[in-house]
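Q: upload_16.txt is reproduced below (compact mmCIF, C-alpha atoms (C1' of nucleotides)).
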```txt
# COMPACT_ATOMS: atom_id res chain seq x y z
CA MET A 14 22.94 90.20 171.22
CA THR A 15 19.71 89.90 169.26
CA GLY A 16 17.20 92.06 167.41
CA GLU A 17 16.49 93.19 163.85
CA TYR A 18 16.73 96.86 162.95
CA ARG A 19 16.65 98.91 159.78
CA ASN A 20 18.62 102.07 159.23
CA THR A 21 19.94 104.03 156.29
CA ILE A 22 23.58 104.66 155.58
CA ASP A 23 24.24 108.40 155.36
CA GLU A 24 26.03 110.01 152.44
CA LYS A 25 29.38 109.64 154.18
CA GLY A 26 29.00 105.90 154.63
CA ARG A 27 28.05 106.04 158.29
CA LEU A 28 25.53 103.73 159.89
CA MET A 29 23.71 104.34 163.15
CA ILE A 30 23.93 101.31 165.41
CA PRO A 31 20.76 101.02 167.52
CA PRO A 32 21.24 101.67 171.25
CA LYS A 33 20.09 98.17 172.18
CA ILE A 34 22.85 96.68 170.04
CA ARG A 35 25.40 99.18 171.36
CA GLU A 36 24.61 98.18 174.90
CA GLN A 37 25.25 94.59 174.06
CA LEU A 38 28.51 95.31 172.29
CA GLY A 39 29.62 96.77 175.58
CA SER A 40 32.15 99.17 174.14
CA TYR A 41 32.36 101.71 171.36
CA THR A 42 35.98 100.87 170.65
CA ASP A 43 37.93 97.73 169.83
CA LEU A 44 35.42 96.44 167.32
CA TYR A 45 36.20 94.47 164.19
CA LEU A 46 34.21 94.76 160.99
CA THR A 47 34.75 92.17 158.28
CA LYS A 48 33.31 90.38 155.28
CA SER A 49 30.90 87.58 155.96
CA THR A 50 30.68 84.39 153.96
CA ASP A 51 27.63 85.60 152.07
CA GLY A 52 27.94 89.20 150.96
CA SER A 53 27.13 90.91 154.22
CA LEU A 54 29.34 92.32 156.95
CA TRP A 55 30.02 91.05 160.45
CA LEU A 56 30.75 93.26 163.40
CA TYR A 57 32.58 91.58 166.28
CA THR A 58 33.91 92.63 169.61
CA LYS A 59 37.66 92.24 169.84
CA GLU A 60 37.33 89.18 172.08
CA ASP A 61 34.99 87.34 169.76
CA PHE A 62 37.01 88.22 166.69
CA ASN A 63 40.19 86.97 168.29
CA ALA A 64 38.43 83.73 169.16
CA LEU A 65 37.45 83.31 165.51
CA ASN A 66 40.94 84.13 164.36
CA ARG A 67 42.43 81.55 166.71
CA GLU A 68 40.10 78.88 165.39
CA VAL A 69 41.21 79.53 161.85
CA ASN A 70 44.91 80.14 162.32
CA TYR A 71 45.63 77.83 165.17
CA GLY A 72 48.51 75.44 164.95
CA PRO A 73 51.98 75.58 163.41
CA LEU A 74 52.11 75.89 159.64
CA ALA A 75 48.42 76.75 159.36
CA VAL A 76 49.73 79.12 156.72
CA PHE A 77 50.34 76.14 154.45
CA ASN A 78 46.90 74.66 154.99
CA LYS A 79 44.77 75.49 151.97
CA LYS A 80 41.39 75.53 153.67
CA ALA A 81 42.61 77.60 156.59
CA ARG A 82 44.29 80.00 154.20
CA LEU A 83 41.09 80.46 152.23
CA ILE A 84 39.00 81.29 155.26
CA ASP A 85 41.74 83.55 156.45
CA MET A 86 41.81 85.41 153.15
CA MET A 87 38.07 85.76 152.91
CA VAL A 88 37.00 86.42 156.47
CA ILE A 89 39.89 87.26 158.76
CA SER A 90 42.17 89.33 156.57
CA PRO A 91 39.58 91.82 155.34
CA ALA A 92 38.74 92.77 158.93
CA ARG A 93 39.15 96.39 159.91
CA GLU A 94 39.45 97.68 163.40
CA VAL A 95 36.63 100.18 163.77
CA GLU A 96 34.89 102.17 166.44
CA LEU A 97 31.63 103.99 166.87
CA ASP A 98 31.70 107.77 167.08
CA LYS A 99 30.32 109.32 170.20
CA THR A 100 26.82 109.40 168.75
CA GLY A 101 26.93 105.68 168.07
CA ARG A 102 27.62 105.69 164.34
CA LEU A 103 29.79 103.16 162.57
CA SER A 104 31.84 104.54 159.70
CA ILE A 105 32.11 101.69 157.21
CA PRO A 106 35.33 101.63 155.16
CA GLN A 107 34.69 101.99 151.46
CA ILE A 108 36.06 98.60 150.45
CA LEU A 109 33.74 96.81 152.88
CA ARG A 110 30.81 98.96 151.85
CA GLU A 111 31.35 98.02 148.24
CA PHE A 112 31.68 94.34 149.08
CA ALA A 113 28.35 94.37 150.87
CA GLY A 114 26.61 96.52 148.27
CA LEU A 115 25.89 99.24 150.80
CA GLU A 116 25.52 102.43 148.80
CA PRO A 117 25.38 105.67 150.70
CA LYS A 118 21.76 106.60 151.40
CA SER A 119 20.63 103.00 150.99
CA GLU A 120 18.75 101.07 153.62
CA CYS A 121 20.33 98.23 155.51
CA VAL A 122 19.35 95.63 158.08
CA ILE A 123 21.22 95.23 161.35
CA LEU A 124 20.88 91.79 162.86
CA GLY A 125 22.06 90.94 166.32
CA SER A 126 23.11 87.33 166.66
CA MET A 127 24.94 85.21 169.21
CA SER A 128 28.44 86.63 169.17
CA LYS A 129 28.30 89.15 166.37
CA VAL A 130 26.23 91.77 164.59
CA GLU A 131 25.38 91.20 160.95
CA ILE A 132 25.00 94.14 158.61
CA ILE A 133 23.32 93.45 155.29
CA SER A 134 21.78 95.56 152.58
CA ALA A 135 17.99 95.64 152.90
CA ARG A 136 17.67 94.70 149.27
CA LYS A 137 19.76 91.54 149.69
CA TYR A 138 18.05 90.73 152.96
CA ASP A 139 14.57 90.92 151.51
CA GLU A 140 15.57 88.85 148.48
CA MET A 141 17.09 86.28 150.77
CA MET A 142 13.99 86.06 152.91
CA ILE A 143 11.80 85.44 149.90
CA GLN A 144 14.23 82.93 148.44
CA TYR A 145 14.55 80.92 151.62
CA LYS A 146 11.00 81.08 152.82
CA ASP A 147 10.22 77.61 151.54
CA MET A 148 13.55 76.20 152.62
CA LEU A 149 12.86 77.44 156.12
CA SER A 150 9.98 75.12 156.76
CA ASP A 151 12.17 72.21 155.69
CA LEU A 152 14.91 73.29 158.09
CA GLY A 153 12.26 73.28 160.78
CA ASP A 154 11.44 69.69 159.84
CA GLU A 155 15.08 68.66 160.07
CA LEU A 156 15.36 70.19 163.47
CA SER A 157 12.27 68.33 164.67
CA ILE A 158 13.62 65.07 163.35
CA GLN A 159 16.93 65.60 165.08
CA ARG A 160 15.23 66.42 168.32
CA MET A 161 12.95 63.44 168.07
CA GLY A 162 15.91 61.21 167.33
CA GLN A 163 17.83 62.26 170.41
CA MET B 6 47.47 92.80 161.38
CA THR B 7 44.32 92.84 159.28
CA GLY B 8 42.59 94.86 156.58
CA GLU B 9 42.07 94.69 152.83
CA TYR B 10 43.28 97.51 150.65
CA ARG B 11 43.67 98.14 146.94
CA ASN B 12 46.45 100.17 145.44
CA THR B 13 48.16 100.47 142.12
CA ILE B 14 51.81 99.75 141.54
CA ASP B 15 53.51 102.85 140.16
CA GLU B 16 55.46 102.78 136.92
CA LYS B 17 58.67 102.06 138.83
CA GLY B 18 57.27 98.98 140.51
CA ARG B 19 56.58 100.58 143.87
CA LEU B 20 53.56 99.88 145.99
CA MET B 21 52.14 102.17 148.64
CA ILE B 22 51.56 100.23 151.85
CA PRO B 23 48.53 101.68 153.66
CA PRO B 24 49.29 103.52 156.90
CA LYS B 25 47.19 101.13 158.99
CA ILE B 26 49.30 98.23 157.79
CA ARG B 27 52.53 100.18 158.29
CA GLU B 28 51.58 100.85 161.89
CA GLN B 29 51.12 97.18 162.47
CA LEU B 30 54.41 96.26 160.83
CA GLY B 31 55.97 98.46 163.44
CA SER B 32 59.06 99.26 161.45
CA TYR B 33 59.91 100.42 157.96
CA THR B 34 63.12 98.40 157.89
CA ASP B 35 64.06 94.78 158.44
CA LEU B 36 61.20 93.44 156.36
CA TYR B 37 61.25 90.28 154.26
CA LEU B 38 59.35 89.92 151.02
CA THR B 39 59.00 86.48 149.50
CA LYS B 40 57.00 84.18 147.26
CA SER B 41 53.85 82.64 148.66
CA THR B 42 52.64 79.13 147.87
CA ASP B 43 50.14 80.37 145.30
CA GLY B 44 51.40 83.18 143.12
CA SER B 45 51.19 86.06 145.54
CA LEU B 46 53.82 87.67 147.74
CA TRP B 47 54.21 87.65 151.49
CA LEU B 48 55.67 90.51 153.48
CA TYR B 49 56.97 89.64 156.93
CA THR B 50 58.65 91.45 159.73
CA LYS B 51 62.08 90.06 160.48
CA GLU B 52 60.81 88.42 163.68
CA ASP B 53 57.89 86.70 162.02
CA PHE B 54 59.96 85.59 159.07
CA ASN B 55 62.51 84.06 161.38
CA ALA B 56 59.72 82.29 163.22
CA LEU B 57 58.45 80.85 159.96
CA ASN B 58 61.92 79.80 158.98
CA ARG B 59 62.32 78.02 162.29
CA GLU B 60 59.01 76.21 161.91
CA VAL B 61 60.01 74.94 158.50
CA ASN B 62 63.66 74.16 158.99
CA TYR B 63 64.19 73.23 162.58
CA GLY B 64 63.29 69.95 164.12
CA PRO B 65 64.98 66.63 163.65
CA LEU B 66 65.99 65.76 160.14
CA ALA B 67 64.06 68.62 158.59
CA VAL B 68 66.76 68.71 155.96
CA PHE B 69 65.72 65.23 154.84
CA ASN B 70 61.98 65.94 155.00
CA LYS B 71 60.73 66.34 151.45
CA LYS B 72 57.86 68.67 152.29
CA ALA B 73 60.03 70.89 154.45
CA ARG B 74 62.66 71.01 151.75
CA LEU B 75 60.03 72.01 149.21
CA ILE B 76 58.63 74.79 151.34
CA ASP B 77 62.14 75.98 152.03
CA MET B 78 62.90 76.16 148.33
CA MET B 79 59.65 77.82 147.38
CA VAL B 80 59.07 80.20 150.27
CA ILE B 81 62.13 80.74 152.43
CA SER B 82 64.93 80.89 149.91
CA PRO B 83 63.41 83.44 147.52
CA ALA B 84 62.97 85.97 150.34
CA ARG B 85 64.48 89.40 149.87
CA GLU B 86 65.24 91.86 152.59
CA VAL B 87 63.31 95.04 151.79
CA GLU B 88 62.30 98.30 153.39
CA LEU B 89 59.71 101.01 152.94
CA ASP B 90 60.79 104.51 151.96
CA LYS B 91 59.74 107.30 154.24
CA THR B 92 56.49 107.83 152.37
CA GLY B 93 55.60 104.19 152.99
CA ARG B 94 56.31 102.75 149.58
CA LEU B 95 57.61 99.24 149.03
CA SER B 96 59.87 98.79 146.05
CA ILE B 97 59.23 95.27 144.81
CA PRO B 98 62.23 93.52 143.23
CA GLN B 99 61.60 92.69 139.61
CA ILE B 100 61.92 88.94 140.03
CA LEU B 101 59.24 88.89 142.71
CA ARG B 102 57.05 91.25 140.74
CA GLU B 103 57.17 88.94 137.77
CA PHE B 104 56.46 85.90 139.91
CA ALA B 105 53.32 87.54 141.27
CA GLY B 106 52.21 88.98 137.93
CA LEU B 107 52.37 92.51 139.24
CA GLU B 108 52.85 94.74 136.23
CA PRO B 109 53.69 98.36 136.80
CA LYS B 110 50.49 100.45 136.83
CA SER B 111 48.39 97.39 137.65
CA GLU B 112 46.09 97.16 140.61
CA CYS B 113 46.88 94.91 143.51
CA VAL B 114 45.29 93.83 146.77
CA ILE B 115 47.06 94.16 150.08
CA LEU B 116 45.80 91.78 152.73
CA GLY B 117 46.82 91.96 156.34
CA SER B 118 46.78 88.62 158.05
CA MET B 119 47.93 87.21 161.37
CA SER B 120 51.68 87.57 161.12
CA LYS B 121 52.20 88.70 157.54
CA VAL B 122 50.96 90.93 154.75
CA GLU B 123 49.85 89.28 151.53
CA ILE B 124 50.28 91.10 148.24
CA ILE B 125 48.34 89.75 145.28
CA SER B 126 47.38 91.06 141.88
CA ALA B 127 43.79 92.32 141.89
CA ARG B 128 43.05 90.23 138.82
CA LYS B 129 44.13 87.00 140.53
CA TYR B 130 42.39 87.95 143.74
CA ASP B 131 39.08 88.63 142.07
CA GLU B 132 39.27 85.39 140.09
CA MET B 133 40.01 83.50 143.26
CA MET B 134 37.11 85.06 145.11
CA ILE B 135 34.67 84.15 142.36
CA GLN B 136 36.06 80.63 142.17
CA TYR B 137 35.75 79.98 145.88
CA LYS B 138 32.59 81.90 146.68
CA ASP B 139 30.37 78.83 146.88
CA MET B 140 32.91 76.82 148.79
CA LEU B 141 33.05 79.68 151.24
CA SER B 142 29.53 79.49 152.54
CA ASP B 143 30.09 75.82 153.33
CA LEU B 144 33.28 76.66 155.18
CA GLY B 145 31.31 79.27 157.04
CA ASP B 146 28.80 76.64 158.05
CA GLU B 147 31.59 74.47 159.39
CA LEU B 148 32.90 77.36 161.44
CA SER B 149 29.50 78.09 162.90
CA ILE B 150 29.02 74.46 163.81
CA GLN B 151 32.40 74.37 165.49
CA ARG B 152 31.59 77.50 167.43
CA MET B 153 28.21 76.24 168.52
CA GLY B 154 29.80 73.03 169.65
CA GLN B 155 32.24 74.76 171.95
C1' DT C 20 81.11 108.73 125.78
C1' DT C 21 76.33 108.71 125.45
C1' DG C 22 71.80 106.95 125.73
C1' DT C 23 68.58 103.88 128.02
C1' DT C 24 66.56 101.52 131.70
C1' DA C 25 65.77 100.55 136.51
C1' DG C 26 65.66 102.25 140.92
C1' DT C 27 65.43 106.09 144.59
C1' DG C 28 63.80 110.17 146.88
C1' DG C 29 60.91 113.82 147.29
C1' DT C 30 57.14 117.56 146.73
C1' DA C 31 52.74 119.31 146.05
C1' DA C 32 47.90 119.20 144.72
C1' DG C 33 43.71 117.00 145.22
C1' DT C 34 40.82 113.93 147.49
C1' DT C 35 39.04 111.31 151.29
C1' DT C 36 38.40 110.48 155.95
C1' DT C 37 37.95 111.79 160.63
C1' DC C 38 36.55 114.49 164.28
C1' DC C 39 33.67 117.55 166.30
C1' DC C 40 29.80 120.65 166.91
C1' DA C 41 25.12 121.96 166.72
C1' DA C 42 20.41 121.75 164.91
C1' DA C 43 16.53 118.81 164.66
C1' DA C 44 13.80 115.18 166.19
C1' DA C 45 12.08 111.95 169.48
C1' DC C 46 11.03 110.88 173.98
C1' DA C 47 9.89 111.27 178.95
C1' DA C 48 8.40 113.65 182.99
C1' DG C 49 6.08 117.15 185.26
C1' DC D 12 1.08 120.88 176.79
C1' DT D 13 5.55 122.33 178.14
C1' DT D 14 9.98 121.62 179.45
C1' DG D 15 14.14 119.11 179.83
C1' DT D 16 16.82 115.20 178.21
C1' DT D 17 18.41 111.97 175.04
C1' DT D 18 18.92 110.42 170.36
C1' DT D 19 19.58 111.22 165.55
C1' DT D 20 21.02 113.71 161.62
C1' DG D 21 23.63 116.90 158.94
C1' DG D 22 27.51 119.38 157.87
C1' DG D 23 32.08 122.08 158.43
C1' DA D 24 36.93 122.18 159.45
C1' DA D 25 41.03 119.89 160.11
C1' DA D 26 43.85 116.14 159.42
C1' DA D 27 45.33 112.32 156.88
C1' DC D 28 45.96 109.91 152.78
C1' DT D 29 46.55 109.26 147.70
C1' DT D 30 48.07 110.31 143.39
C1' DA D 31 50.79 112.31 140.01
C1' DC D 32 54.74 114.19 138.81
C1' DC D 33 59.64 115.47 138.67
C1' DA D 34 64.57 115.24 139.49
C1' DC D 35 68.38 112.50 140.44
C1' DT D 36 71.52 108.31 140.66
C1' DA D 37 73.28 103.91 139.23
C1' DA D 38 73.91 100.28 136.10
C1' DC D 39 74.30 98.71 131.68
C1' DA D 40 74.60 98.69 126.57
C1' DA D 41 75.62 100.72 122.28
```
Would you write out, as structure tokens, the structure that this file holds?
A:
Amino acid sequence: MTGEYRNTIDEKGRLMIPPKIREQLGSYTDLYLTKSTDGSLWLYTKEDFNALNREVNYGPLAVFNKKARLIDMMVISPAREVELDKTGRLSIPQILREFAGLEPKSECVILGSMSKVEIISARKYDEMMIQYKDMLSDLGDELSIQRMGQ
Amino acid sequence: MTGEYRNTIDEKGRLMIPPKIREQLGSYTDLYLTKSTDGSLWLYTKEDFNALNREVNYGPLAVFNKKARLIDMMVISPAREVELDKTGRLSIPQILREFAGLEPKSECVILGSMSKVEIISARKYDEMMIQYKDMLSDLGDELSIQRMGQ
DNA sequence: TTGTTAGTGGTAAGTTTTCCCAAAAACAAG
DNA sequence: CTTGTTTTTGGGAAAACTTACCACTAACAA
């Protein structure tokens, strides 16, 4: 589930999901849209979202575990069950749109990644790319070191 | 049972529970509302509340286990049996309202989570989100690492 | 008794969201 | 090119939801 795409949100808060991404999602229904850990949104299939949920909430009395509770509150709980309309558009609930800074008529970036689709405002995305450009080469170094050390 | 919603408490201390959450509660009656471990309120179905109660109180010598006794006192005992009126409003008993800092006419956040609904004042919620925002991206990293390591 | 406060139940207007259709655009094949 | 097909965009109508308000009851105090 990979690829980078840019689309604009229409005035009703709907976002066109590119066909290539739709194919990979497999279904137009049973999708979960939630807050990410960094101001964007994550779109999951039901299976992958359930897997995430199980990781966080697994075990008796997880509800009294502070760290688990925090992740739950910030990532799991805000999730909304969504679906694409028959032309492949995702209608993003207002509260999630506001969280991600996705104004109607603004541009956003759709990123396919391993088990999810990331939706991020183009403005934030571009800023992030500039900000982390230098850091990226360092990450590359770390990776090389790890690989060499294997 | 997920989704984040914001609503205001009316001047009589009633809170509109969003339809999507009501669906997932299944019933308008046999609900339990209680104190959480951190200044918010938890709304459970009867079944899920009983399950929680069992987790905390059953098991050998739970009655002599200090932690179990504490949770019992703070979370199980204060629970009130409540119901929604036919327009989906939850009337929050004054003592629980005061505990959670939910003034009439104030805004509050309704969070669906695995087996319960969390009700928290918007002011507290926003403060919490700001406070834990940095911590969150680290937690996110941990999650990703765990997932990659599967 | 009378007034005040807290809680309950309901209606109706206004807004938002959802669903669907169709025009426009992009694309592919002949 | 031209035609047919798919994709994208825009918008209207219907349904659903929210908000604000009002009337009533019960409990309590003056």
Q: Return the neighbours of chain D among the residues of chain B, cut-off 12 Å, counting all atoms listed in the file, as a list of chain:residue names.
A: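 So the residues of chain B near chain D are B:Arg11, B:Asn12, B:Thr13, B:Ile14, B:Asp15, B:Glu16, B:Leu20, B:Met21, B:Ile22, B:Pro23, B:Pro24, B:Lys25, B:Thr92, B:Gly93, B:Arg94.
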Q: Go ahead and align chain A to chain B (same sequence, so just pair every C-alpha in order, least squares) and export the moved chain as a short mmCIF file (atom, residue, chain, number, x, y, z; two decimals) with C-alpha atoms, keeping the file's coordinate frame.
A:
```cif
data_model
loop_
_atom_site.label_atom_id
_atom_site.label_comp_id
_atom_site.auth_asym_id
_atom_site.auth_seq_id
_atom_site.Cartn_x
_atom_site.Cartn_y
_atom_site.Cartn_z
CA MET A 14 47.32 93.91 161.22
CA THR A 15 44.11 93.98 159.22
CA GLY A 16 42.44 95.92 156.42
CA GLU A 17 42.01 95.68 152.65
CA TYR A 18 43.50 98.33 150.40
CA ARG A 19 44.00 98.81 146.68
CA ASN A 20 46.94 100.57 145.13
CA THR A 21 48.72 100.58 141.81
CA ILE A 22 52.30 99.56 141.28
CA ASP A 23 54.24 102.41 139.67
CA GLU A 24 56.34 101.96 136.55
CA LYS A 25 59.42 101.20 138.63
CA GLY A 26 57.75 98.35 140.48
CA ARG A 27 57.10 100.28 143.67
CA LEU A 28 54.01 99.85 145.79
CA MET A 29 52.69 102.32 148.33
CA ILE A 30 51.93 100.60 151.62
CA PRO A 31 48.97 102.31 153.33
CA PRO A 32 49.84 104.21 156.53
CA LYS A 33 47.56 102.03 158.64
CA ILE A 34 49.50 98.94 157.56
CA ARG A 35 52.84 100.71 158.04
CA GLU A 36 51.92 101.58 161.58
CA GLN A 37 51.19 97.98 162.31
CA LEU A 38 54.40 96.74 160.74
CA GLY A 39 56.12 98.93 163.28
CA SER A 40 59.27 99.50 161.27
CA TYR A 41 60.23 100.44 157.75
CA THR A 42 63.27 98.19 157.81
CA ASP A 43 63.93 94.53 158.51
CA LEU A 44 61.00 93.29 156.47
CA TYR A 45 60.86 90.08 154.47
CA LEU A 46 58.95 89.71 151.24
CA THR A 47 58.39 86.23 149.85
CA LYS A 48 56.26 84.00 147.67
CA SER A 49 53.04 82.74 149.15
CA THR A 50 51.60 79.31 148.57
CA ASP A 51 49.09 80.62 146.05
CA GLY A 52 50.61 83.10 143.65
CA SER A 53 50.63 86.16 145.86
CA LEU A 54 53.33 87.69 148.02
CA TRP A 55 53.69 87.80 151.78
CA LEU A 56 55.31 90.62 153.67
CA TYR A 57 56.56 89.74 157.16
CA THR A 58 58.34 91.52 159.91
CA LYS A 59 61.71 89.98 160.66
CA GLU A 60 60.42 88.42 163.89
CA ASP A 61 57.47 86.73 162.26
CA PHE A 62 59.51 85.53 159.32
CA ASN A 63 62.11 84.02 161.60
CA ALA A 64 59.35 82.24 163.49
CA LEU A 65 58.10 80.74 160.23
CA ASN A 66 61.59 79.76 159.21
CA ARG A 67 62.18 78.02 162.53
CA GLU A 68 58.99 76.03 162.15
CA VAL A 69 60.08 74.76 158.78
CA ASN A 70 63.77 74.19 159.34
CA TYR A 71 63.76 73.14 162.93
CA GLY A 72 65.58 70.03 163.97
CA PRO A 73 68.79 68.33 162.87
CA LEU A 74 68.83 67.01 159.32
CA ALA A 75 65.68 68.90 158.35
CA VAL A 76 67.62 69.38 155.13
CA PHE A 77 67.01 65.73 154.31
CA ASN A 78 63.30 65.88 155.03
CA LYS A 79 61.45 66.10 151.73
CA LYS A 80 58.40 67.99 152.92
CA ALA A 81 60.43 70.51 154.89
CA ARG A 82 62.73 70.98 151.93
CA LEU A 83 59.81 71.68 149.62
CA ILE A 84 58.31 74.33 151.84
CA ASP A 85 61.74 75.78 152.31
CA MET A 86 62.30 75.99 148.57
CA MET A 87 58.92 77.48 147.83
CA VAL A 88 58.34 79.86 150.70
CA ILE A 89 61.45 80.50 152.76
CA SER A 90 64.21 80.57 150.17
CA PRO A 91 62.62 83.07 147.80
CA ALA A 92 62.36 85.62 150.61
CA ARG A 93 64.08 88.94 150.11
CA GLU A 94 65.00 91.35 152.82
CA VAL A 95 63.28 94.59 151.87
CA GLU A 96 62.51 97.96 153.34
CA LEU A 97 60.14 100.80 152.68
CA ASP A 98 61.57 104.06 151.38
CA LYS A 99 60.99 107.11 153.47
CA THR A 100 57.68 107.80 151.75
CA GLY A 101 56.42 104.34 152.62
CA ARG A 102 56.88 102.60 149.28
CA LEU A 103 57.91 98.99 148.89
CA SER A 104 60.17 98.28 145.94
CA ILE A 105 59.28 94.76 144.82
CA PRO A 106 62.16 92.76 143.31
CA GLN A 107 61.50 91.79 139.72
CA ILE A 108 61.52 88.04 140.29
CA LEU A 109 58.84 88.31 142.98
CA ARG A 110 56.82 90.73 140.88
CA GLU A 111 56.81 88.28 138.02
CA PHE A 112 55.84 85.39 140.28
CA ALA A 113 52.84 87.30 141.56
CA GLY A 114 51.85 88.66 138.15
CA LEU A 115 52.28 92.24 139.31
CA GLU A 116 52.97 94.25 136.18
CA PRO A 117 54.10 97.81 136.62
CA LYS A 118 51.09 100.14 136.52
CA SER A 119 48.73 97.32 137.45
CA GLU A 120 46.42 97.40 140.42
CA CYS A 121 46.97 95.22 143.44
CA VAL A 122 45.26 94.41 146.71
CA ILE A 123 47.02 94.75 150.04
CA LEU A 124 45.55 92.57 152.75
CA GLY A 125 46.52 92.85 156.37
CA SER A 126 46.23 89.57 158.21
CA MET A 127 47.30 88.18 161.57
CA SER A 128 51.07 88.16 161.33
CA LYS A 129 51.70 89.20 157.76
CA VAL A 130 50.62 91.41 154.89
CA GLU A 131 49.44 89.74 151.70
CA ILE A 132 50.02 91.41 148.36
CA ILE A 133 48.04 90.06 145.44
CA SER A 134 47.22 91.27 141.97
CA ALA A 135 43.73 92.78 141.84
CA ARG A 136 42.91 90.62 138.87
CA LYS A 137 43.75 87.40 140.72
CA TYR A 138 42.03 88.63 143.85
CA ASP A 139 38.78 89.41 142.09
CA GLU A 140 38.82 86.08 140.25
CA MET A 141 39.44 84.31 143.52
CA MET A 142 36.58 86.07 145.24
CA ILE A 143 34.16 85.08 142.51
CA GLN A 144 35.46 81.52 142.42
CA TYR A 145 35.20 81.00 146.15
CA LYS A 146 32.00 82.86 146.82
CA ASP A 147 29.97 79.67 146.95
CA MET A 148 32.63 77.77 148.83
CA LEU A 149 32.60 80.48 151.47
CA SER A 150 29.12 79.77 152.67
CA ASP A 151 30.07 76.12 153.08
CA LEU A 152 33.13 77.06 155.12
CA GLY A 153 30.79 79.06 157.30
CA ASP A 154 28.69 75.92 157.79
CA GLU A 155 31.73 73.89 158.78
CA LEU A 156 32.71 76.47 161.30
CA SER A 157 29.23 76.45 162.82
CA ILE A 158 29.25 72.69 163.04
CA GLN A 159 32.62 72.70 164.75
CA ARG A 160 31.49 75.29 167.21
CA MET A 161 28.28 73.46 167.93
CA GLY A 162 30.21 70.25 168.44
CA GLN A 163 32.53 71.73 171.03
#
```
Q: Would you give me, as JSON lines, each residue of chain B having an atom within 10 Å of an atom of chain C, along with its shortest atom pair and that distance in Å to one decimal, using all atoms listed in the file and sorting by chain and residue number?
A:
```
{"residue": "B:Lys17", "atom": "CA", "partner": "C:DG26", "partner_atom": "C1'", "distance": 7.3}
{"residue": "B:Gly18", "atom": "CA", "partner": "C:DG26", "partner_atom": "C1'", "distance": 9.0}
{"residue": "B:Arg19", "atom": "CA", "partner": "C:DG26", "partner_atom": "C1'", "distance": 9.7}
{"residue": "B:Asp90", "atom": "CA", "partner": "C:DG28", "partner_atom": "C1'", "distance": 8.2}
{"residue": "B:Lys91", "atom": "CA", "partner": "C:DG28", "partner_atom": "C1'", "distance": 8.9}
{"residue": "B:Thr92", "atom": "CA", "partner": "C:DG29", "partner_atom": "C1'", "distance": 9.0}
{"residue": "B:Ser96", "atom": "CA", "partner": "C:DG26", "partner_atom": "C1'", "distance": 8.5}
{"residue": "B:Pro98", "atom": "CA", "partner": "C:DG26", "partner_atom": "C1'", "distance": 9.7}
{"residue": "B:Gln99", "atom": "CA", "partner": "C:DA25", "partner_atom": "C1'", "distance": 9.4}
```
Q: Using all atoms listed in the file, find the residues of chain A whose closest atom to chain B is at most 6 Å away, then write them as number ranges by chain.
A: A: 50, 90-93
Q: Can you tell me how far CA of Thr58 (chain A) sits from CA of Asn78 (chain A), in Å to one decimal?
A: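 For CA of Thr58 (chain A) relative to CA of Asn78 (chain A), the distance reads 26.6 Å.
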Q: Could you please determine the separation between CA of Glu132 (chain B) and CA of Phe104 (chain B) in Å, to one decimal place?
A: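 One can read the CA of Glu132 (chain B) to CA of Phe104 (chain B) distance as 17.2 Å.
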Q: Contacts of Thr34 (chain B) at 9 Å or less, counting all atoms listed in the file, minus same-chain residues fewer than 6 places along, as a compact mmCIF listing (two decimals) with C-alpha atoms, keeping the file's coordinate frame?
A:
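Everything below was put into around_2.txt:
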```txt
# COMPACT_ATOMS: atom_id res chain seq x y z
CA THR B 50 58.65 91.45 159.73
CA LYS B 51 62.08 90.06 160.48
CA GLU B 86 65.24 91.86 152.59
CA VAL B 87 63.31 95.04 151.79
CA GLU B 88 62.30 98.30 153.39
CA LEU B 89 59.71 101.01 152.94
CA ASP B 90 60.79 104.51 151.96
```
Q: Is it possible to get the axis-aligned box enclosing region 29-41 of chain D (all listed atoms, 8 Å extra per side) as AutoDock Vina command-line options, with centre and edge lengths in Å rounded to one decimal?
A:
```
--center_x 61.1 --center_y 107.1 --center_z 135.0 --size_x 45.1 --size_y 32.8 --size_z 41.4
```
Q: At what distance in Å, to one decimal, does CA of Val122 (chain A) lie from CA of Ala135 (chain A)?
A: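 Between CA of Ala135 (chain A) and CA of Val122 (chain A) the gap works out to 5.4 Å.
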